[in-house]
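Asks: Provided herewith: coords.cif, mmCIF, C-alpha atoms and all ligand atoms.
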```cif
data_start
loop_
_atom_site.group_PDB
_atom_site.id
_atom_site.type_symbol
_atom_site.label_atom_id
_atom_site.label_comp_id
_atom_site.auth_asym_id
_atom_site.auth_seq_id
_atom_site.Cartn_x
_atom_site.Cartn_y
_atom_site.Cartn_z
ATOM 1 C CA MET A 1 -38.937 -31.278 -15.857
ATOM 2 C CA GLU A 2 -37.388 -30.867 -19.288
ATOM 3 C CA SER A 3 -33.706 -29.895 -19.177
ATOM 4 C CA LEU A 4 -32.400 -26.774 -20.874
ATOM 5 C CA VAL A 5 -30.645 -28.869 -23.510
ATOM 6 C CA ASP A 6 -33.786 -30.886 -24.257
ATOM 7 C CA GLY A 7 -35.832 -27.703 -24.534
ATOM 8 C CA TYR A 8 -33.271 -26.245 -26.901
ATOM 9 C CA LEU A 9 -33.153 -29.374 -29.116
ATOM 10 C CA ARG A 10 -36.940 -29.454 -29.290
ATOM 11 C CA HIS A 11 -36.905 -25.791 -30.280
ATOM 12 C CA ILE A 12 -34.409 -26.363 -33.113
ATOM 13 C CA MET A 13 -36.487 -29.224 -34.492
ATOM 14 C CA ASP A 14 -39.587 -27.021 -34.430
ATOM 15 C CA GLU A 15 -37.702 -24.353 -36.362
ATOM 16 C CA VAL A 16 -36.461 -26.759 -39.021
ATOM 17 C CA ARG A 17 -39.512 -29.031 -39.314
ATOM 18 C CA GLY A 18 -41.361 -26.690 -41.685
ATOM 19 C CA ASP A 19 -38.688 -27.092 -44.374
ATOM 20 C CA ARG A 20 -40.142 -29.646 -46.775
ATOM 21 C CA SER A 21 -37.737 -28.963 -49.613
ATOM 22 C CA GLY A 22 -35.740 -31.718 -51.282
ATOM 23 C CA ASP A 23 -36.813 -35.217 -52.247
ATOM 24 C CA VAL A 24 -36.339 -38.679 -50.818
ATOM 25 C CA ALA A 25 -33.832 -40.812 -52.751
ATOM 26 C CA ASP A 26 -35.640 -42.871 -55.368
ATOM 27 C CA TYR A 27 -32.773 -44.358 -57.372
ATOM 28 C CA ILE A 28 -32.910 -47.198 -54.860
ATOM 29 C CA PRO A 29 -36.633 -48.056 -55.230
ATOM 30 C CA GLU A 30 -37.081 -49.220 -51.639
ATOM 31 C CA LEU A 31 -35.843 -45.861 -50.294
ATOM 32 C CA ALA A 32 -38.640 -44.032 -52.136
ATOM 33 C CA VAL A 33 -41.295 -45.577 -49.882
ATOM 34 C CA VAL A 34 -40.067 -44.119 -46.570
ATOM 35 C CA ASP A 35 -42.163 -41.543 -44.722
ATOM 36 C CA PRO A 36 -40.702 -38.205 -45.875
ATOM 37 C CA GLU A 37 -41.790 -36.590 -42.602
ATOM 38 C CA GLY A 38 -39.511 -38.732 -40.428
ATOM 39 C CA PHE A 39 -37.316 -36.478 -38.299
ATOM 40 C CA GLY A 40 -35.069 -37.506 -35.415
ATOM 41 C CA LEU A 41 -32.222 -35.884 -33.522
ATOM 42 C CA SER A 42 -29.847 -37.367 -30.958
ATOM 43 C CA LEU A 43 -26.809 -36.014 -29.162
ATOM 44 C CA CYS A 44 -24.431 -38.282 -27.282
ATOM 45 C CA VAL A 45 -22.001 -36.474 -25.001
ATOM 46 C CA HIS A 46 -18.550 -37.763 -24.084
ATOM 47 C CA ASP A 47 -19.685 -39.429 -20.861
ATOM 48 C CA GLY A 48 -22.276 -41.405 -22.857
ATOM 49 C CA TYR A 49 -25.369 -39.411 -21.890
ATOM 50 C CA MET A 50 -27.855 -39.416 -24.775
ATOM 51 C CA TYR A 51 -30.342 -36.672 -25.600
ATOM 52 C CA SER A 52 -32.983 -38.062 -27.996
ATOM 53 C CA HIS A 53 -35.755 -36.218 -29.811
ATOM 54 C CA GLY A 54 -38.380 -36.865 -32.458
ATOM 55 C CA HIS A 55 -38.134 -40.195 -34.283
ATOM 56 C CA SER A 56 -34.863 -41.012 -32.558
ATOM 57 C CA THR A 57 -35.552 -44.720 -32.196
ATOM 58 C CA GLU A 58 -36.974 -45.255 -35.698
ATOM 59 C CA THR A 59 -34.645 -47.163 -38.003
ATOM 60 C CA PHE A 60 -33.443 -46.172 -41.449
ATOM 61 C CA THR A 61 -30.600 -47.554 -43.546
ATOM 62 C CA ILE A 62 -27.139 -46.255 -42.783
ATOM 63 C CA GLN A 63 -26.143 -45.946 -46.475
ATOM 64 C CA SER A 64 -23.007 -43.848 -46.880
ATOM 65 C CA VAL A 65 -22.646 -43.102 -43.185
ATOM 66 C CA SER A 66 -21.168 -46.609 -43.251
ATOM 67 C CA LYS A 67 -18.188 -45.440 -45.289
ATOM 68 C CA PRO A 68 -15.953 -44.150 -42.464
ATOM 69 C CA LEU A 69 -16.646 -47.331 -40.479
ATOM 70 C CA THR A 70 -15.612 -49.747 -43.205
ATOM 71 C CA TYR A 71 -12.624 -47.512 -43.922
ATOM 72 C CA ALA A 72 -11.716 -47.839 -40.219
ATOM 73 C CA MET A 73 -11.901 -51.630 -40.558
ATOM 74 C CA ALA A 74 -9.625 -51.594 -43.607
ATOM 75 C CA LEU A 75 -7.142 -49.380 -41.720
ATOM 76 C CA ARG A 76 -7.271 -51.686 -38.709
ATOM 77 C CA LYS A 77 -6.746 -54.794 -40.837
ATOM 78 C CA HIS A 78 -4.049 -53.550 -43.226
ATOM 79 C CA GLY A 79 -2.480 -50.505 -41.531
ATOM 80 C CA VAL A 80 -2.488 -46.909 -42.706
ATOM 81 C CA ALA A 81 0.337 -47.165 -45.237
ATOM 82 C CA ALA A 82 -1.151 -50.155 -47.064
ATOM 83 C CA VAL A 83 -4.576 -48.502 -47.284
ATOM 84 C CA ASP A 84 -3.081 -45.174 -48.383
ATOM 85 C CA ALA A 85 -1.342 -46.959 -51.221
ATOM 86 C CA ARG A 86 -4.762 -48.003 -52.559
ATOM 87 C CA ILE A 87 -7.216 -45.206 -51.572
ATOM 88 C CA GLY A 88 -6.438 -41.466 -51.615
ATOM 89 C CA VAL A 89 -7.526 -38.814 -49.117
ATOM 90 C CA GLU A 90 -8.207 -35.898 -51.468
ATOM 91 C CA PRO A 91 -11.690 -34.405 -51.765
ATOM 92 C CA SER A 92 -13.066 -35.139 -55.215
ATOM 93 C CA GLY A 93 -15.352 -32.095 -55.512
ATOM 94 C CA GLU A 94 -17.641 -34.426 -57.441
ATOM 95 C CA ALA A 95 -20.851 -36.291 -56.730
ATOM 96 C CA PHE A 96 -20.688 -39.357 -54.496
ATOM 97 C CA ASN A 97 -21.293 -41.726 -57.389
ATOM 98 C CA GLU A 98 -18.665 -40.330 -59.770
ATOM 99 C CA ILE A 99 -15.871 -42.588 -60.913
ATOM 100 C CA SER A 100 -13.264 -40.392 -59.243
ATOM 101 C CA VAL A 101 -9.722 -41.714 -59.452
ATOM 102 C CA ASP A 102 -6.430 -39.862 -59.156
ATOM 103 C CA ASP A 103 -3.459 -40.020 -61.510
ATOM 104 C CA ARG A 104 -2.326 -43.216 -59.747
ATOM 105 C CA ARG A 105 -5.773 -44.634 -60.517
ATOM 106 C CA ARG A 106 -6.624 -44.825 -56.823
ATOM 107 C CA PRO A 107 -10.161 -43.852 -55.783
ATOM 108 C CA LYS A 108 -9.770 -40.233 -54.675
ATOM 109 C CA ASN A 109 -11.079 -40.825 -51.159
ATOM 110 C CA PRO A 110 -12.950 -43.407 -49.060
ATOM 111 C CA MET A 111 -16.105 -41.281 -48.626
ATOM 112 C CA ILE A 112 -17.230 -41.513 -52.260
ATOM 113 C CA ASN A 113 -18.574 -44.760 -53.661
ATOM 114 C CA ALA A 114 -15.418 -45.712 -55.580
ATOM 115 C CA GLY A 115 -13.271 -45.507 -52.433
ATOM 116 C CA ALA A 116 -15.913 -47.078 -50.226
ATOM 117 C CA ILE A 117 -16.394 -50.074 -52.530
ATOM 118 C CA PHE A 118 -12.631 -50.456 -52.570
ATOM 119 C CA ALA A 119 -12.402 -50.253 -48.764
ATOM 120 C CA ALA A 120 -15.059 -52.997 -48.536
ATOM 121 C CA SER A 121 -13.041 -55.109 -50.988
ATOM 122 C CA MET A 122 -10.083 -54.936 -48.602
ATOM 123 C CA LEU A 123 -12.102 -56.900 -46.024
ATOM 124 C CA LEU A 124 -12.449 -59.866 -48.418
ATOM 125 C CA PRO A 125 -9.898 -62.608 -49.120
ATOM 126 C CA ALA A 126 -7.187 -61.523 -51.582
ATOM 127 C CA SER A 127 -8.333 -63.962 -54.248
ATOM 128 C CA ARG A 128 -10.489 -63.730 -57.363
ATOM 129 C CA ASP A 129 -12.236 -66.842 -56.164
ATOM 130 C CA VAL A 130 -14.461 -65.553 -53.353
ATOM 131 C CA SER A 131 -17.308 -67.721 -52.074
ATOM 132 C CA ARG A 132 -20.635 -66.664 -50.593
ATOM 133 C CA ASP A 133 -19.330 -67.885 -47.227
ATOM 134 C CA ASP A 134 -16.394 -65.481 -47.526
ATOM 135 C CA VAL A 135 -18.767 -62.552 -48.110
ATOM 136 C CA ASP A 136 -20.961 -63.723 -45.218
ATOM 137 C CA ALA A 137 -17.912 -63.881 -42.928
ATOM 138 C CA ALA A 138 -16.730 -60.386 -43.930
ATOM 139 C CA PHE A 139 -20.244 -59.039 -43.431
ATOM 140 C CA ALA A 140 -20.456 -60.652 -39.979
ATOM 141 C CA GLU A 141 -17.284 -58.734 -39.063
ATOM 142 C CA ILE A 142 -18.825 -55.524 -40.385
ATOM 143 C CA VAL A 143 -21.973 -56.015 -38.308
ATOM 144 C CA GLU A 144 -19.834 -56.775 -35.264
ATOM 145 C CA PHE A 145 -17.724 -53.660 -35.740
ATOM 146 C CA TYR A 146 -20.614 -51.283 -36.497
ATOM 147 C CA SER A 147 -22.520 -52.711 -33.512
ATOM 148 C CA GLY A 148 -19.499 -52.098 -31.288
ATOM 149 C CA CYS A 149 -19.423 -48.480 -32.461
ATOM 150 C CA ALA A 150 -23.175 -48.018 -31.935
ATOM 151 C CA GLY A 151 -23.241 -49.879 -28.626
ATOM 152 C CA ARG A 152 -26.043 -52.272 -29.603
ATOM 153 C CA ARG A 153 -26.596 -55.171 -31.997
ATOM 154 C CA LEU A 154 -27.439 -53.862 -35.482
ATOM 155 C CA THR A 155 -29.228 -55.761 -38.254
ATOM 156 C CA MET A 156 -29.656 -55.443 -42.011
ATOM 157 C CA ASP A 157 -32.727 -54.331 -43.966
ATOM 158 C CA GLU A 158 -33.193 -57.189 -46.455
ATOM 159 C CA GLU A 159 -35.614 -55.233 -48.675
ATOM 160 C CA VAL A 160 -33.284 -52.273 -49.152
ATOM 161 C CA TYR A 161 -30.388 -54.631 -49.825
ATOM 162 C CA ALA A 162 -32.384 -56.574 -52.442
ATOM 163 C CA SER A 163 -33.632 -53.328 -53.977
ATOM 164 C CA GLU A 164 -30.165 -51.810 -54.346
ATOM 165 C CA SER A 165 -28.651 -55.089 -55.583
ATOM 166 C CA ALA A 166 -31.320 -55.314 -58.260
ATOM 167 C CA THR A 167 -30.878 -51.748 -59.506
ATOM 168 C CA GLY A 168 -27.297 -50.771 -58.677
ATOM 169 C CA SER A 169 -25.731 -50.686 -62.141
ATOM 170 C CA ARG A 170 -23.928 -47.459 -61.393
ATOM 171 C CA ASN A 171 -21.930 -48.942 -58.523
ATOM 172 C CA ARG A 172 -21.264 -52.061 -60.535
ATOM 173 C CA ALA A 173 -19.909 -49.812 -63.293
ATOM 174 C CA ILE A 174 -17.648 -48.069 -60.761
ATOM 175 C CA ALA A 175 -16.350 -51.421 -59.490
ATOM 176 C CA TYR A 176 -15.793 -52.743 -63.005
ATOM 177 C CA MET A 177 -13.969 -49.573 -64.013
ATOM 178 C CA LEU A 178 -11.656 -49.972 -61.005
ATOM 179 C CA ASP A 179 -11.254 -53.616 -61.927
ATOM 180 C CA SER A 180 -10.240 -52.656 -65.458
ATOM 181 C CA PHE A 181 -7.354 -50.727 -63.852
ATOM 182 C CA GLY A 182 -6.316 -53.907 -62.039
ATOM 183 C CA ALA A 183 -7.198 -52.304 -58.707
ATOM 184 C CA PHE A 184 -8.788 -55.266 -56.926
ATOM 185 C CA ASP A 185 -7.071 -58.177 -55.174
ATOM 186 C CA THR A 186 -10.484 -59.774 -54.928
ATOM 187 C CA ASP A 187 -13.681 -60.405 -56.888
ATOM 188 C CA PRO A 188 -15.376 -57.060 -57.751
ATOM 189 C CA ASP A 189 -18.852 -58.604 -57.602
ATOM 190 C CA ALA A 190 -18.187 -59.804 -54.060
ATOM 191 C CA ALA A 191 -16.944 -56.320 -53.119
ATOM 192 C CA ILE A 192 -20.144 -54.758 -54.470
ATOM 193 C CA ASP A 193 -22.285 -57.302 -52.655
ATOM 194 C CA LEU A 194 -20.487 -56.571 -49.374
ATOM 195 C CA TYR A 195 -20.834 -52.811 -49.961
ATOM 196 C CA TYR A 196 -24.592 -53.111 -50.616
ATOM 197 C CA ARG A 197 -25.005 -55.138 -47.463
ATOM 198 C CA GLN A 198 -23.139 -52.597 -45.322
ATOM 199 C CA CYS A 199 -25.260 -49.755 -46.770
ATOM 200 C CA SER A 200 -28.428 -51.636 -45.759
ATOM 201 C CA ILE A 201 -27.621 -51.848 -42.052
ATOM 202 C CA ARG A 202 -30.411 -50.310 -40.020
ATOM 203 C CA VAL A 203 -29.643 -47.556 -37.541
ATOM 204 C CA THR A 204 -31.423 -44.914 -35.454
ATOM 205 C CA THR A 205 -30.261 -41.382 -34.685
ATOM 206 C CA ASP A 206 -29.308 -42.683 -31.228
ATOM 207 C CA ASP A 207 -27.011 -45.165 -32.983
ATOM 208 C CA LEU A 208 -25.450 -42.451 -35.148
ATOM 209 C CA ALA A 209 -24.900 -40.230 -32.120
ATOM 210 C CA GLY A 210 -23.311 -43.186 -30.285
ATOM 211 C CA ILE A 211 -21.039 -43.913 -33.256
ATOM 212 C CA GLY A 212 -20.179 -40.202 -33.397
ATOM 213 C CA ALA A 213 -19.362 -40.132 -29.688
ATOM 214 C CA THR A 214 -17.126 -43.192 -30.181
ATOM 215 C CA ILE A 215 -15.197 -41.382 -32.905
ATOM 216 C CA ALA A 216 -15.131 -38.225 -30.745
ATOM 217 C CA ASN A 217 -13.636 -40.289 -27.908
ATOM 218 C CA GLY A 218 -10.816 -41.683 -30.021
ATOM 219 C CA GLY A 219 -12.428 -45.088 -30.596
ATOM 220 C CA LEU A 220 -13.801 -45.701 -27.102
ATOM 221 C CA ASN A 221 -17.568 -46.124 -26.965
ATOM 222 C CA PRO A 222 -18.600 -44.041 -23.942
ATOM 223 C CA ARG A 223 -21.806 -46.051 -23.441
ATOM 224 C CA THR A 224 -20.227 -49.487 -23.298
ATOM 225 C CA GLY A 225 -16.683 -48.573 -22.231
ATOM 226 C CA ARG A 226 -15.336 -50.723 -25.084
ATOM 227 C CA VAL A 227 -12.408 -49.643 -27.247
ATOM 228 C CA VAL A 228 -13.497 -50.362 -30.818
ATOM 229 C CA PHE A 229 -10.625 -48.761 -32.732
ATOM 230 C CA SER A 230 -7.470 -46.780 -32.049
ATOM 231 C CA SER A 231 -7.176 -43.023 -31.604
ATOM 232 C CA GLU A 232 -4.912 -42.952 -34.676
ATOM 233 C CA ILE A 233 -7.796 -44.346 -36.739
ATOM 234 C CA ALA A 234 -10.239 -41.894 -35.124
ATOM 235 C CA GLN A 235 -8.007 -39.008 -36.163
ATOM 236 C CA ARG A 236 -7.888 -40.319 -39.716
ATOM 237 C CA LEU A 237 -11.705 -40.684 -39.852
ATOM 238 C CA LEU A 238 -12.206 -37.159 -38.551
ATOM 239 C CA SER A 239 -9.811 -35.835 -41.200
ATOM 240 C CA VAL A 240 -11.486 -37.477 -44.176
ATOM 241 C CA MET A 241 -14.951 -36.715 -42.835
ATOM 242 C CA THR A 242 -13.983 -33.033 -42.638
ATOM 243 C CA THR A 243 -12.615 -32.811 -46.166
ATOM 244 C CA CYS A 244 -14.803 -35.348 -47.997
ATOM 245 C CA GLY A 245 -17.752 -36.384 -45.804
ATOM 246 C CA MET A 246 -20.390 -34.172 -47.387
ATOM 247 C CA TYR A 247 -19.272 -34.815 -50.996
ATOM 248 C CA ASP A 248 -19.419 -31.795 -53.285
ATOM 249 C CA GLY A 249 -21.216 -29.927 -50.488
ATOM 250 C CA ALA A 250 -18.131 -30.291 -48.250
ATOM 251 C CA GLY A 251 -16.818 -26.729 -48.607
ATOM 252 C CA ASP A 252 -20.145 -25.138 -47.753
ATOM 253 C CA TRP A 253 -20.594 -27.566 -44.857
ATOM 254 C CA VAL A 254 -17.170 -26.957 -43.318
ATOM 255 C CA THR A 255 -17.602 -23.218 -43.675
ATOM 256 C CA SER A 256 -21.046 -23.000 -42.150
ATOM 257 C CA VAL A 257 -21.157 -25.975 -39.752
ATOM 258 C CA GLY A 258 -17.489 -26.756 -39.189
ATOM 259 C CA LEU A 259 -17.837 -30.302 -37.869
ATOM 260 C CA PRO A 260 -16.442 -33.552 -39.304
ATOM 261 C CA ALA A 261 -19.503 -35.348 -40.655
ATOM 262 C CA LYS A 262 -20.859 -38.034 -42.929
ATOM 263 C CA SER A 263 -24.187 -38.154 -44.718
ATOM 264 C CA GLY A 264 -26.136 -40.971 -46.345
ATOM 265 C CA VAL A 265 -28.926 -41.064 -48.933
ATOM 266 C CA GLY A 266 -31.112 -42.823 -46.356
ATOM 267 C CA GLY A 267 -31.396 -39.358 -44.768
ATOM 268 C CA GLY A 268 -28.960 -39.776 -41.899
ATOM 269 C CA ILE A 269 -26.134 -37.429 -40.946
ATOM 270 C CA LEU A 270 -23.511 -38.179 -38.329
ATOM 271 C CA ALA A 271 -21.469 -35.204 -37.070
ATOM 272 C CA VAL A 272 -18.712 -35.152 -34.482
ATOM 273 C CA LEU A 273 -17.249 -32.544 -32.190
ATOM 274 C CA PRO A 274 -13.858 -34.133 -31.419
ATOM 275 C CA GLY A 275 -13.407 -34.890 -27.726
ATOM 276 C CA GLN A 276 -16.936 -33.734 -26.953
ATOM 277 C CA LEU A 277 -19.947 -35.264 -28.670
ATOM 278 C CA GLY A 278 -21.607 -37.157 -31.462
ATOM 279 C CA ILE A 279 -24.700 -35.913 -33.286
ATOM 280 C CA GLY A 280 -27.137 -38.121 -35.207
ATOM 281 C CA VAL A 281 -29.898 -36.563 -37.271
ATOM 282 C CA TYR A 282 -32.394 -38.131 -39.661
ATOM 283 C CA SER A 283 -34.752 -36.662 -42.205
ATOM 284 C CA PRO A 284 -35.041 -38.351 -45.601
ATOM 285 C CA ARG A 285 -35.599 -35.436 -47.985
ATOM 286 C CA LEU A 286 -32.264 -34.749 -49.698
ATOM 287 C CA ASP A 287 -30.628 -31.768 -51.370
ATOM 288 C CA GLU A 288 -28.852 -31.880 -54.738
ATOM 289 C CA HIS A 289 -25.722 -33.366 -53.132
ATOM 290 C CA GLY A 290 -27.625 -36.241 -51.540
ATOM 291 C CA ASN A 291 -27.432 -34.718 -48.039
ATOM 292 C CA SER A 292 -30.501 -34.479 -45.781
ATOM 293 C CA VAL A 293 -31.998 -30.980 -46.069
ATOM 294 C CA ARG A 294 -33.324 -30.772 -42.526
ATOM 295 C CA GLY A 295 -30.259 -32.655 -41.264
ATOM 296 C CA VAL A 296 -27.911 -30.017 -42.675
ATOM 297 C CA GLU A 297 -30.139 -27.230 -41.370
ATOM 298 C CA THR A 298 -30.331 -28.767 -37.892
ATOM 299 C CA CYS A 299 -26.545 -29.071 -37.722
ATOM 300 C CA ARG A 300 -26.178 -25.471 -38.884
ATOM 301 C CA HIS A 301 -28.373 -24.318 -36.006
ATOM 302 C CA LEU A 302 -26.578 -26.487 -33.457
ATOM 303 C CA SER A 303 -23.184 -25.315 -34.589
ATOM 304 C CA LYS A 304 -24.111 -21.648 -34.594
ATOM 305 C CA ASP A 305 -26.123 -21.568 -31.364
ATOM 306 C CA LEU A 306 -23.757 -23.745 -29.336
ATOM 307 C CA GLY A 307 -20.534 -22.443 -30.897
ATOM 308 C CA LEU A 308 -19.547 -25.929 -32.094
ATOM 309 C CA HIS A 309 -17.636 -24.875 -35.227
ATOM 310 C CA MET A 310 -14.227 -26.498 -34.879
ATOM 311 C CA PHE A 311 -12.531 -23.265 -35.899
ATOM 312 C CA ASN A 312 -14.500 -21.204 -33.406
ATOM 313 C CA VAL A 313 -12.122 -18.535 -32.103
ATOM 314 C CA THR A 314 -14.568 -16.311 -30.261
HETATM 315 N N1 LIG A 401 -25.883 -47.260 -51.190
HETATM 316 C C1 LIG A 401 -25.821 -45.947 -51.753
HETATM 317 C C2 LIG A 401 -25.117 -45.956 -53.090
HETATM 318 O O1 LIG A 401 -24.124 -46.602 -53.204
HETATM 319 C C3 LIG A 401 -25.115 -45.026 -50.803
HETATM 320 C C4 LIG A 401 -24.935 -43.637 -51.352
HETATM 321 C C5 LIG A 401 -25.021 -42.553 -50.302
HETATM 322 O O2 LIG A 401 -25.554 -42.729 -49.212
HETATM 323 N N2 LIG A 401 -24.574 -41.380 -50.676
HETATM 324 O O3 LIG A 401 -25.506 -45.365 -54.050
#
```
Can you dump the structure from the file as structure tokens?
Ligand code: GLN

Replies:
Amino acid sequence: MESLVDGYLRHIMDEVRGDRSGDVADYIPELAVVDPEGFGLSLCVHDGYMYSHGHSTETFTIQSVSKPLTYAMALRKHGVAAVDARIGVEPSGEAFNEISVDDRRRPKNPMINAGAIFAASMLLPASRDVSRDDVDAAFAEIVEFYSGCAGRRLTMDEEVYASESATGSRNRAIAYMLDSFGAFDTDPDAAIDLYYRQCSIRVTTDDLAGIGATIANGGLNPRTGRVVFSSEIAQRLLSVMTTCGMYDGAGDWVTSVGLPAKSGVGGGILAVLPGQLGIGVYSPRLDEHGNSVRGVETCRHLSKDLGLHMFNVT
């Protein structure tokens, strides 16, 4: 028999499914061909139990939901102080693909493209002479780390990667602008390549919920029992996800949903209730901020009905 929770999740999806507003991302040509009706929802609770509904095992590209994970890797490799010296933690209030830098010419935060490309660059050798093997090695570490967070082996979508590489002038412009400030220790083209690869990693809503539960548990994946990162890093991720994770929709999101979260233009949203659970939701039609319309709506319902808002005082 269906559990109460499963019945409730099914009910929410039925409520939200009728909303066909928004559009799939088309600035990356390969993203425009996805089925706009795809809709999945997964919840992973702190003991690792997974509730999965709809297209919860269908893959889509992680896109910007990758940003907190690569940021975590940069923090792990260089330490908080060294990363803070290069990437800020202030919300930009601007679109994800703005060239947002502060008065020290640091990217404003790691959740927008400028900061995320920079975080990826910190995983490469500190040399302008970076080989393809170096990028391959850094990407292998990324896949290893993301897989550890998700609790299963993840792979890359070659078509989406090729499509974004072929059309991604905007991100190249961001990287070159940062380079003109002397920001990089490494080759900006290699940083962009690594960033495009990380964005093309395929995930399911089960994976996002598992990653969310790992962050919720302070870096311990509750499904595998493996510690993937420290609780200090988890706290940092939750902080920047709260203030910057939903881009220029962050204020509305925190007010109405009240959960640290990260969205991606592939249609995924990962939300976390610290200490409790991870939520993964997928639906590819996006609002004007680049956040999944049904994803945001689903999280609103969950938060309201289950009292998940982190500032819930009732
Ligand atoms: N790969 C995408 C880009 O850089 C990710 C953006 C996003 O998901 N918001 O444009």

Asks: Check the smallest atom-to-atom distance from each of A:Glu144, A:Glu30, A:Asp206, A:Asp102 to Gly48 in chain A using all atoms listed in the file, then report the winner.

Replies: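 Checking each of A:Glu144, A:Glu30, A:Asp206, A:Asp102 against Gly48 in chain A, counting all atoms listed in the file, the winner is A:Asp206.
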
Asks: Which residues come within 7 Å of Gly88 in chain A, counting only C-alpha atoms, excluding same-chain residues fewer than 3 positions away, as a CSV table (one decimal) with C-alpha atoms, in the coordinates of the input?

Replies:
```
chain,number,residue,atom,x,y,z
A,84,ASP,CA,-3.1,-45.2,-48.4
A,106,ARG,CA,-6.6,-44.8,-56.8
A,107,PRO,CA,-10.2,-43.9,-55.8
A,108,LYS,CA,-9.8,-40.2,-54.7
A,109,ASN,CA,-11.1,-40.8,-51.2
```

Asks: Written as a list in words, which residues does the PyMOL selection byres (((chain A and resi 226) around 12) and not hetatm) give for the file shown?

Replies: Gly48, Phe145, Ser147, Gly148, Cys149, Ala150, Gly151, Arg152, Thr214, Asn217, Gly218, Gly219, Leu220, Asn221, Pro222, Arg223, Thr224, Gly225, Val227, Val228, Phe229 and Ser230 of chain A

Asks: Using all atoms listed in the file, pick whichever of A:Ala126, A:Met111, A:Ile174, A:Ala116 has the shortest atom-to-atom distance to Glu98 in chain A.

Replies: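 Smallest separation from Glu98 in chain A among the options: A:Ile174.
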
Asks: Show me, as a PDB file with C-alpha atoms, in the coordinates of the input, the residues that have an atom within 8 Å of Tyr161 in chain A when counting only C-alpha atoms, minus same-chain residues fewer than 4 positions from it.

Replies:
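Printed below is result_30.pdb as written:
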```
ATOM      1  CA  MET A 156     -29.656 -55.443 -42.011  1.00  0.00           C
ATOM      2  CA  ASP A 157     -32.727 -54.331 -43.966  1.00  0.00           C
ATOM      3  CA  SER A 165     -28.651 -55.089 -55.583  1.00  0.00           C
ATOM      4  CA  TYR A 196     -24.592 -53.111 -50.616  1.00  0.00           C
ATOM      5  CA  ARG A 197     -25.005 -55.138 -47.463  1.00  0.00           C
ATOM      6  CA  CYS A 199     -25.260 -49.755 -46.770  1.00  0.00           C
ATOM      7  CA  SER A 200     -28.428 -51.636 -45.759  1.00  0.00           C
TER       8      SER A 200
END
```

Asks: Report as JSON, numbers by chain the full result of the PyMOL selection byres (((chain A and resi 36) around 8) and not hetatm) when it is applied to this structure.

Replies: {"A": [24, 34, 35, 37, 38, 283, 284, 285]}

Asks: Step by step, measure atom-to-atom distances between ligand LIG 401 (chain A) and each residue using all atoms listed in the file, keep those at most 8 Å, then write them as a PDB file with C-alpha atoms, in the coordinates of the input.

Replies:
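Printed below is result25.pdb as written:
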```
ATOM      1  CA  ILE A  28     -32.910 -47.198 -54.860  1.00  0.00           C
ATOM      2  CA  ILE A  62     -27.139 -46.255 -42.783  1.00  0.00           C
ATOM      3  CA  GLN A  63     -26.143 -45.946 -46.475  1.00  0.00           C
ATOM      4  CA  SER A  64     -23.007 -43.848 -46.880  1.00  0.00           C
ATOM      5  CA  VAL A  65     -22.646 -43.102 -43.185  1.00  0.00           C
ATOM      6  CA  PHE A  96     -20.688 -39.357 -54.496  1.00  0.00           C
ATOM      7  CA  ASN A  97     -21.293 -41.726 -57.389  1.00  0.00           C
ATOM      8  CA  ILE A 112     -17.230 -41.513 -52.260  1.00  0.00           C
ATOM      9  CA  ASN A 113     -18.574 -44.760 -53.661  1.00  0.00           C
ATOM     10  CA  GLU A 164     -30.165 -51.810 -54.346  1.00  0.00           C
ATOM     11  CA  GLY A 168     -27.297 -50.771 -58.677  1.00  0.00           C
ATOM     12  CA  ARG A 170     -23.928 -47.459 -61.393  1.00  0.00           C
ATOM     13  CA  ASN A 171     -21.930 -48.942 -58.523  1.00  0.00           C
ATOM     14  CA  TYR A 195     -20.834 -52.811 -49.961  1.00  0.00           C
ATOM     15  CA  TYR A 196     -24.592 -53.111 -50.616  1.00  0.00           C
ATOM     16  CA  CYS A 199     -25.260 -49.755 -46.770  1.00  0.00           C
ATOM     17  CA  SER A 200     -28.428 -51.636 -45.759  1.00  0.00           C
ATOM     18  CA  SER A 263     -24.187 -38.154 -44.718  1.00  0.00           C
ATOM     19  CA  GLY A 264     -26.136 -40.971 -46.345  1.00  0.00           C
ATOM     20  CA  VAL A 265     -28.926 -41.064 -48.933  1.00  0.00           C
ATOM     21  CA  GLY A 266     -31.112 -42.823 -46.356  1.00  0.00           C
ATOM     22  CA  GLY A 290     -27.625 -36.241 -51.540  1.00  0.00           C
ATOM     23  CA  ASN A 291     -27.432 -34.718 -48.039  1.00  0.00           C
TER      24      ASN A 291
END
```

Asks: Can you work out which one of A:Ile201, A:Ala95, A:Ala190, A:Ala119 has the shortest atom-to-atom distance to Glu288 in chain A, counting only C-alpha atoms?

Replies: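 Counting only C-alpha atoms, the residue closest to Glu288 in chain A is A:Ala95.
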
Asks: Please provide as number ranges by chain all residues within 8 Å of Gly212 in chain A, with the sequence filter that same-chain residues fewer than 5 positions apart are discarded (counting all atoms listed in the file).

Replies: A: 44, 270-272, 277-280

Asks: What does the distance from CA of Ser292 in chain A to CA of Thr155 in chain A come to in Å, to one decimal?

Replies: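 Those two atoms sit 22.6 Å apart.
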
Asks: Edge lengths and centre, in Å to one decimal, as lines of an AutoDock Vina configuration file: that's what I need for the box along x, y and z that holds all listed atoms of range 89-100 of chain A plus 8 Å on each side.

Replies:
```
center_x = -14.4
center_y = -37.3
center_z = -55.0
size_x = 29.8
size_y = 26.5
size_z = 27.8
```

Asks: Given the PyMOL selection byres (((chain A and resi 276) around 7) and not hetatm) and the file above, list the residues it selects as a VMD selection string.

Replies: chain A and resid 45 to 46 216 273 to 275 277
